[in-house]
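Read through the structure below, which is laid out as structure tokens, and then see the notes.
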Amino acid sequence: MKPDIVDKLRFELREPIESERQVVYILAELRKLLELESIARSAAGEPADSSYFALKFYCDWAVHIRLDQSGAQRIVQRFNQYQKFVEELASRGNAVDPGFLQELDQSLNLTKFREQLGAYLKTHDLDPATATDDDQWTEFLVYYARVIEDAPLISVGHGLDLVDEVSISIHDERPVGTGDYRIAVKWTWMSKKDGMRQNVVRFF
């Protein structure tokens, strides 16, 4: 089964990414590979491999209408912390941990998704250009953003005081070569304290 999945991915990755269907198919097949390898490690009594935690999370996001697993909770927690910082800054001018800001920035830019996708493809001798080439990655993100648009990340009942849901939507999309960016992605959440909707936009 595993060689068949790799062959299917090799064939699909030769084609330019031009549809949501391709993105969902690629991520679904990668998800199968990750699960097969996890099962094999478990059967061999080996510890779980967390090297591709982010990749599995983003694969899962593409096939769910809402997501509340640990990866989703981690991202929502970052927005909860960011909202707390924003509100404290407005009232007391508190500083924020630079390490946290770096983690948040990586979430907003889907940095670990890109890094782990490229690395995982290489481990199976598959063309990593979808992740490593800037233009191909941006085009992949255009269709990925369409797939996950308005499929919220949820962290309810985990003691978060300000934010328990985060979603992505497409803020703007432009044809190739017609501007400074191809797609603008908006992350949105609501403060439970004042009911105000907040958002931040990233351009790719």
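Chain lettering (A, B, ...) mirrors the order of the structure tokens, residue numbering begins at 1 for each chain separately, and ligand numbering begins at 1 in order of display.
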
Which of region 1-192 of chain A end up as helix (DSSP H, G or I) when DSSP is run on this backbone - answer as JSON, numbers by chain?
{"A": [2, 3, 4, 5, 6, 7, 8, 9, 10, 11, 12, 13, 20, 21, 22, 23, 24, 25, 26, 27, 28, 29, 30, 31, 32, 33, 34, 35, 36, 37, 38, 39, 40, 41, 42, 43, 53, 54, 55, 56, 57, 58, 59, 60, 61, 70, 71, 72, 73, 74, 75, 76, 77, 78, 79, 80, 81, 82, 83, 84, 85, 86, 87, 88, 89, 90, 91, 92, 98, 99, 100, 101, 102, 103, 104, 105, 106, 107, 108, 111, 112, 113, 114, 115, 116, 117, 118, 119, 120, 121, 122, 123, 129, 130, 131, 132, 134, 135, 136, 137, 138, 139, 140, 141, 142, 143, 144, 145, 146, 147, 148]}

Show me, as a VMD selection string, the residues that have an atom within 10 Å of Ser19 (chain A) when counting only C-alpha atoms, minus same-chain residues fewer than 2 positions from it.
chain A and resid 16 to 17 21 to 24 139 to 140 142 to 144 146 to 147

Saved selection, atoms kept: C-alpha atoms, as a short mmCIF file (atom, residue, chain, number, x, y, z; two decimals), in the first residue's frame:
```
data_model
loop_
_atom_site.label_atom_id
_atom_site.label_comp_id
_atom_site.auth_asym_id
_atom_site.auth_seq_id
_atom_site.Cartn_x
_atom_site.Cartn_y
_atom_site.Cartn_z
CA PRO A 16 0.95 22.29 -11.59
CA ILE A 17 -1.36 22.96 -8.65
CA ARG A 21 -9.16 18.95 -5.60
CA GLN A 22 -5.41 18.51 -6.12
CA VAL A 23 -4.56 20.03 -2.76
CA VAL A 24 -7.07 17.86 -0.90
CA GLU A 139 -0.03 28.80 -5.57
CA PHE A 140 -0.51 25.79 -3.31
CA VAL A 142 -4.17 29.81 -2.73
CA TYR A 143 -6.05 26.54 -3.08
CA TYR A 144 -5.32 25.36 0.46
CA ARG A 146 -9.94 27.98 -0.22
CA VAL A 147 -10.21 24.48 1.25
#
```

Skipping near chain neighbours, those fewer than 3 positions away, what residues fall within 8 Å of Leu153 (chain A) using only C-alpha atoms, listed as a list in words?
Arg66, Leu67, Asp68, Ala72, Gln73, Ile75, Val76, Glu165, Val166 and Ser167 of chain A

Find the residues near Thr138 (chain A): any atom within 8 Å, counting only C-alpha atoms, skip ones fewer than 2 places away on the same chain, and give them as a PyMOL selection string.
chain A and resi 134-136+140-142+182-183+204

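Taking CA of Glu18 (chain A) as the reference point, CA of Asp4 (chain A) is found at 23.2 Å.
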
Contacts of region 111-120 of chain A within 7 Å, only C-alpha atoms, excl. fewer than 5 positions in-chain, as a VMD selection string:
chain A and resid 52 54 to 55 58 106 128 131 to 132

How about saving the chosen residues, C-alpha atoms kept, as a short mmCIF file (atom, residue, chain, number, x, y, z; two decimals), in the first residue's frame?
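Done, and the output landed in part.cif:
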```cif
data_model
loop_
_atom_site.label_atom_id
_atom_site.label_comp_id
_atom_site.auth_asym_id
_atom_site.auth_seq_id
_atom_site.Cartn_x
_atom_site.Cartn_y
_atom_site.Cartn_z
CA TYR A 52 5.80 15.93 11.28
CA ALA A 54 2.49 20.27 12.01
CA LEU A 55 2.21 18.53 8.64
CA TYR A 58 -2.54 20.85 8.32
CA GLN A 106 5.11 31.11 12.27
CA PRO A 128 9.61 19.00 -2.76
CA ALA A 131 7.07 23.62 -0.57
CA THR A 132 10.57 24.80 -1.49
#
```

Do you know which residues are at most 6 Å from region 184-186 of chain A counting only C-alpha atoms, after dropping those on the same chain fewer than 4 positions away, and could you put them as a ChimeraX atom specification?
/A:168-172,200-203

Expected file: the selected residues, N, CA and C atoms, as a PDB file, in the first residue's frame:
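File produced: selection29.pdb:
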```pdb
ATOM      1  N   ILE A 168      -9.858  31.034   9.352  1.00  0.00           N
ATOM      2  CA  ILE A 168      -9.158  31.670   8.230  1.00  0.00           C
ATOM      3  C   ILE A 168     -10.177  31.977   7.144  1.00  0.00           C
ATOM      4  N   SER A 169      -9.996  33.115   6.498  1.00  0.00           N
ATOM      5  CA  SER A 169     -10.789  33.429   5.310  1.00  0.00           C
ATOM      6  C   SER A 169      -9.886  34.135   4.310  1.00  0.00           C
ATOM      7  N   ILE A 170     -10.317  34.163   3.065  1.00  0.00           N
ATOM      8  CA  ILE A 170      -9.536  34.826   2.025  1.00  0.00           C
ATOM      9  C   ILE A 170      -9.942  36.291   1.983  1.00  0.00           C
ATOM     10  N   HIS A 171      -9.007  37.157   2.307  1.00  0.00           N
ATOM     11  CA  HIS A 171      -9.246  38.595   2.340  1.00  0.00           C
ATOM     12  C   HIS A 171      -9.200  39.187   0.936  1.00  0.00           C
ATOM     13  N   ASP A 172      -8.263  38.696   0.127  1.00  0.00           N
ATOM     14  CA  ASP A 172      -8.127  39.174  -1.254  1.00  0.00           C
ATOM     15  C   ASP A 172      -7.337  38.142  -2.043  1.00  0.00           C
ATOM     16  N   VAL A 200      -6.109  39.600  11.733  1.00  0.00           N
ATOM     17  CA  VAL A 200      -4.802  39.986  11.230  1.00  0.00           C
ATOM     18  C   VAL A 200      -4.656  39.339   9.859  1.00  0.00           C
ATOM     19  N   VAL A 201      -4.039  40.064   8.934  1.00  0.00           N
ATOM     20  CA  VAL A 201      -3.928  39.611   7.551  1.00  0.00           C
ATOM     21  C   VAL A 201      -2.471  39.315   7.210  1.00  0.00           C
ATOM     22  N   ARG A 202      -2.265  38.224   6.481  1.00  0.00           N
ATOM     23  CA  ARG A 202      -0.943  37.887   5.962  1.00  0.00           C
ATOM     24  C   ARG A 202      -1.020  37.809   4.443  1.00  0.00           C
ATOM     25  N   PHE A 203       0.028  38.326   3.789  1.00  0.00           N
ATOM     26  CA  PHE A 203       0.079  38.375   2.329  1.00  0.00           C
ATOM     27  C   PHE A 203       1.088  37.368   1.815  1.00  0.00           C
TER      28      PHE A 203
END
```

Could you name the residues that touch Met196 (chain A) at 12 Å or less, counting only C-alpha atoms, but leaving out those on the same chain fewer than 5 positions away, as a VMD selection string?
chain A and resid 83 87 162 to 163 188 to 191

Go ahead and save the picked residues with C-alpha atoms, as a PDB file, in the first residue's frame.
```
ATOM      1  CA  GLN A  83      -5.369  38.833  22.666  1.00  0.00           C
ATOM      2  CA  GLU A  87      -5.601  44.092  25.985  1.00  0.00           C
ATOM      3  CA  LEU A 162     -10.347  35.312  25.879  1.00  0.00           C
ATOM      4  CA  VAL A 163     -10.332  33.228  22.673  1.00  0.00           C
ATOM      5  CA  THR A 188     -10.119  36.010  12.623  1.00  0.00           C
ATOM      6  CA  TRP A 189     -11.047  35.520  16.269  1.00  0.00           C
ATOM      7  CA  MET A 190     -13.370  37.126  18.810  1.00  0.00           C
ATOM      8  CA  SER A 191     -12.492  38.396  22.261  1.00  0.00           C
TER       9      SER A 191
END
```

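All residues of region 120-204 of chain A that DSSP, run on the backbone, classes as strand (DSSP E) are Leu153, Ile154, Glu165, Val166, Ser167, Ile168, Ser169, Ile170, His171, Asp172, Glu173, Ile183, Ala184, Val185, Lys186, Trp187, Thr188, Trp189, Met190, Arg197, Gln198, Asn199, Val200, Val201, Arg202 and Phe203 of chain A.
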
Write the residues of the selection above to a file with C-alpha atoms, as a PDB file, in the first residue's frame.
```pdb
ATOM      1  CA  LEU A 153     -10.034  25.786  14.924  1.00  0.00           C
ATOM      2  CA  ILE A 154     -11.686  25.177  18.298  1.00  0.00           C
ATOM      3  CA  GLU A 165     -12.153  29.797  18.174  1.00  0.00           C
ATOM      4  CA  VAL A 166      -9.993  30.962  15.259  1.00  0.00           C
ATOM      5  CA  SER A 167     -10.773  30.817  11.551  1.00  0.00           C
ATOM      6  CA  ILE A 168      -9.158  31.670   8.230  1.00  0.00           C
ATOM      7  CA  SER A 169     -10.789  33.429   5.310  1.00  0.00           C
ATOM      8  CA  ILE A 170      -9.536  34.826   2.025  1.00  0.00           C
ATOM      9  CA  HIS A 171      -9.246  38.595   2.340  1.00  0.00           C
ATOM     10  CA  ASP A 172      -8.127  39.174  -1.254  1.00  0.00           C
ATOM     11  CA  GLU A 173      -6.911  37.157  -4.198  1.00  0.00           C
ATOM     12  CA  ILE A 183      -3.387  36.018  -1.906  1.00  0.00           C
ATOM     13  CA  ALA A 184      -4.161  37.790   1.362  1.00  0.00           C
ATOM     14  CA  VAL A 185      -5.290  35.456   4.142  1.00  0.00           C
ATOM     15  CA  LYS A 186      -7.195  36.792   7.144  1.00  0.00           C
ATOM     16  CA  TRP A 187      -7.052  35.118  10.548  1.00  0.00           C
ATOM     17  CA  THR A 188     -10.119  36.010  12.623  1.00  0.00           C
ATOM     18  CA  TRP A 189     -11.047  35.520  16.269  1.00  0.00           C
ATOM     19  CA  MET A 190     -13.370  37.126  18.810  1.00  0.00           C
ATOM     20  CA  ARG A 197     -14.057  40.588  16.376  1.00  0.00           C
ATOM     21  CA  GLN A 198     -10.318  40.803  15.756  1.00  0.00           C
ATOM     22  CA  ASN A 199      -8.259  39.912  12.717  1.00  0.00           C
ATOM     23  CA  VAL A 200      -4.802  39.986  11.230  1.00  0.00           C
ATOM     24  CA  VAL A 201      -3.928  39.611   7.551  1.00  0.00           C
ATOM     25  CA  ARG A 202      -0.943  37.887   5.962  1.00  0.00           C
ATOM     26  CA  PHE A 203       0.079  38.375   2.329  1.00  0.00           C
TER      27      PHE A 203
END
```

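Between CA of Asp105 (chain A) and CA of Phe85 (chain A) there is a distance of 14.5 Å.
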
To one decimal in Å, tell me the separation between CA of Asp60 (chain A) and CA of Tyr25 (chain A).
12.0 Å
